[in-house]
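Scroll down for the structure; my scribbles are underneath it.
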Amino acid sequence: MEVILEKHGVKELKEALIAAALVGKLAFVLLKDGAQAEDAVALLAKMQDPAFKAKVMAGVQGVEMLDDEIQDLKLPELLEIAQVIPELLVILKG
Ligand SMILES: [Ca+2]
């Protein structure tokens, strides 16, 4: 049972990393020329994108589990989390 919970925590952490990359990338793109009213419009428009919204919500929903998970990370879990890095790079470069 504990193993299942830890696996779940790893999944939440990966989802949170993806959500942070998506939101961070969007904020960077929108705010690099300063904050304008249309940035808020663009953000709202982006939240209408079901794939974007689903990933951000998945990351946000698990965030309360992350404290315990980060304090309890083991090497196999780190390796599993590292598998998310290529997806993060695609988001950040895209
Ligand atoms: Ca802007």
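Order determines the names: the first chain of the structure tokens is A, the second B, and so forth; residues in each chain are numbered 1 upward, and ligands are numbered 1 upward as they are shown.
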Enumerate as a list in words the residues within 8 Å of ligand 1, counting only C-alpha atoms and all ligand atoms.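 I would give the residues around ligand 1 as Val29, Leu30, Leu31, Lys32, Asp33, Gly34, Ala35, Gln36, Ala37, Glu38 and Asp39 of chain A.
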Write out as a tab-separated table a residue-level contact list of region 4-39 of chain A versus region 60-71 of chain A with cut-off 8 Å: for each qualifying residue the closest pair of atoms and the distance in Å to one decimal, counting only C-alpha atoms, rows sorted by chain and residue number upward.
```
residue	atom	partner	partner_atom	distance
A:Glu6	CA	A:Glu69	CA	7.1
A:Gly9	CA	A:Glu69	CA	5.7
A:Val10	CA	A:Glu69	CA	7.1
A:Glu12	CA	A:Gly62	CA	5.1
A:Leu13	CA	A:Leu66	CA	6.3
A:Glu15	CA	A:Gly62	CA	7.9
A:Ala16	CA	A:Val60	CA	6.5
A:Ala19	CA	A:Val60	CA	7.5
```
Using CA of Ala20 (chain A) and CA of Ala54 (chain A) as the two end points, give the distance in Å to one decimal.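 Straight-line distance from CA of Ala20 (chain A) to CA of Ala54 (chain A) works out to 12.9 Å.
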Between CA of Leu92 (chain A) and CA of Lys53 (chain A), distance in Å (one decimal):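 Answer for the CA of Leu92 (chain A) to CA of Lys53 (chain A) separation: 16.8 Å.
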Please run DSSP on the backbone and report, as a VMD selection string, all residues within chain A that come out as alpha helix (DSSP H). chain A and resid 2 to 31 37 to 47 50 to 61 66 to 71 75 to 82 85 to 93
